[in-house]
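Q: Here it is, the structure in full.
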Amino acid sequence: ADGSLCAAPVDEVAGVLGALLHELQPQVLLILDGSDGHRDHVHVGAAARRAVSGADGAAPVLVEQCLPNSLLRRWLDEMRAVRPDTAYHSLDPAALGRDDAEVTDVLDTTAVLDRREAAIAEHRSQVSPFEGLSDELRRAFLTSDHLARVDVPRRAR
């Protein structure tokens, strides 16, 4: 819809991000990689890569928080078992998430699990993506953050 984030032109979002990069001079820019298929995550990712590629001076290292394919395959297997009447059967397991070989860092977030779950509970406009999962799989999602450092080619000026 007009006014939504993903309706804004990528160049416009990249311009805003580029101005912030110039002002703040961060060493690292952390974004969601969009491999979850969420259109806002995909859109911001495209804009961030464009902003970093055109950054003045030293560009920040781009790091994308991602979901590895192996974890999403576990999720898909569980969803197919507990919700056999949904569209999960038509998903291609190979197309889910990010290739595990591209994950460069894994952060242990076990110490903040209670805060993560409280934050998810406050997001009332959406159903938790972890609702209905076994405790083991829910913990697998919420006690590790998977990151991929991305080499963004610089645009010639």
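Each chain in the structure tokens gets a letter, A, B and so on, in the order shown; residues start at 1 in every chain, and ligands are counted from 1 in the order they appear.
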Among range 9-153 of chain A, which residues carry a DSSP assignment of strand (DSSP E), reported as a PyMOL selection string?

A: chain A and resi 28-32+61-66+105-108+144-150

Q: Which residues come within 12 Å of range 16-29 of chain A, counting only C-alpha atoms, excluding same-chain residues fewer than 4 positions away, as an NGL selection string?

A: :A and (8-12 or 33 or 44-65 or 147-150 or 152)

Q: What separation in Å, quoted to one decimal, exists between CA of Thr104 in chain A and CA of Arg74 in chain A?

A: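 Distance reported for this atom pair: 20.3 Å.
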
Q: Leaving out Val82 in chain A and any residue of its chain fewer than 5 positions from it, which residues lie within 10 Å of it when counting only C-alpha atoms, given as a ChimeraX atom specification?

A: /A:76-77,132-134

Q: Any chance you can output those residues with N, CA and C atoms as a compact mmCIF listing (two decimals), in the first residue's frame?

A:
# COMPACT_ATOMS: atom_id res chain seq x y z
N LEU A 76 10.33 -26.80 8.93
CA LEU A 76 9.40 -27.30 7.93
C LEU A 76 8.96 -28.73 8.25
N ASP A 77 9.90 -29.58 8.64
CA ASP A 77 9.54 -30.96 9.01
C ASP A 77 8.54 -30.97 10.15
N GLY A 132 3.37 -22.80 18.55
CA GLY A 132 3.09 -24.17 18.17
C GLY A 132 4.31 -25.04 17.95
N LEU A 133 5.51 -24.46 18.05
CA LEU A 133 6.72 -25.25 17.87
C LEU A 133 7.03 -26.03 19.14
N SER A 134 7.73 -27.13 18.99
CA SER A 134 8.21 -27.86 20.16
C SER A 134 9.17 -26.96 20.92

Q: For CA of Leu32 in chain A and CA of Thr86 in chain A, quote the distance in Å rounded to one decimal.

A: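 According to the coordinates, CA of Leu32 in chain A and CA of Thr86 in chain A are separated by 26.3 Å.
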
Q: Between A:Gly37, A:Pro68, A:Gly15, A:Pro93, which residue has the minimum interatomic distance to Arg80 in chain A, considering only C-alpha atoms?

A: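 Counting only C-alpha atoms, the residue closest to Arg80 in chain A is A:Pro93.
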
Q: Taking the DSSP assignment computed from this structure's backbone, write out as number ranges by chain all residues of chain A that belong to helix (DSSP H, G or I).

A: A: 5-7, 10-24, 39-53, 69-82, 87-90, 93-95, 100-102, 110-122, 135-142

Q: What separation in Å, quoted to one decimal, exists between CA of Val13 in chain A and CA of Arg155 in chain A?

A: 17.2 Å

Q: Within 12 Å of Arg116 in chain A, counting only C-alpha atoms, which residues show up once you throw out same-chain ones fewer than 2 positions away? Write them as a PyMOL selection string, please.

A: chain A and resi 109-114+118-123+128+130+138-139+141-145

Q: Here is a test: counting only C-alpha atoms, which residue of A:Ala94, A:Ile31, A:Cys6, A:Val42 is nearest to Asn69 in chain A?

A: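 Looking only at the distances to Asn69 in chain A, the closest residue turns out to be A:Ala94.
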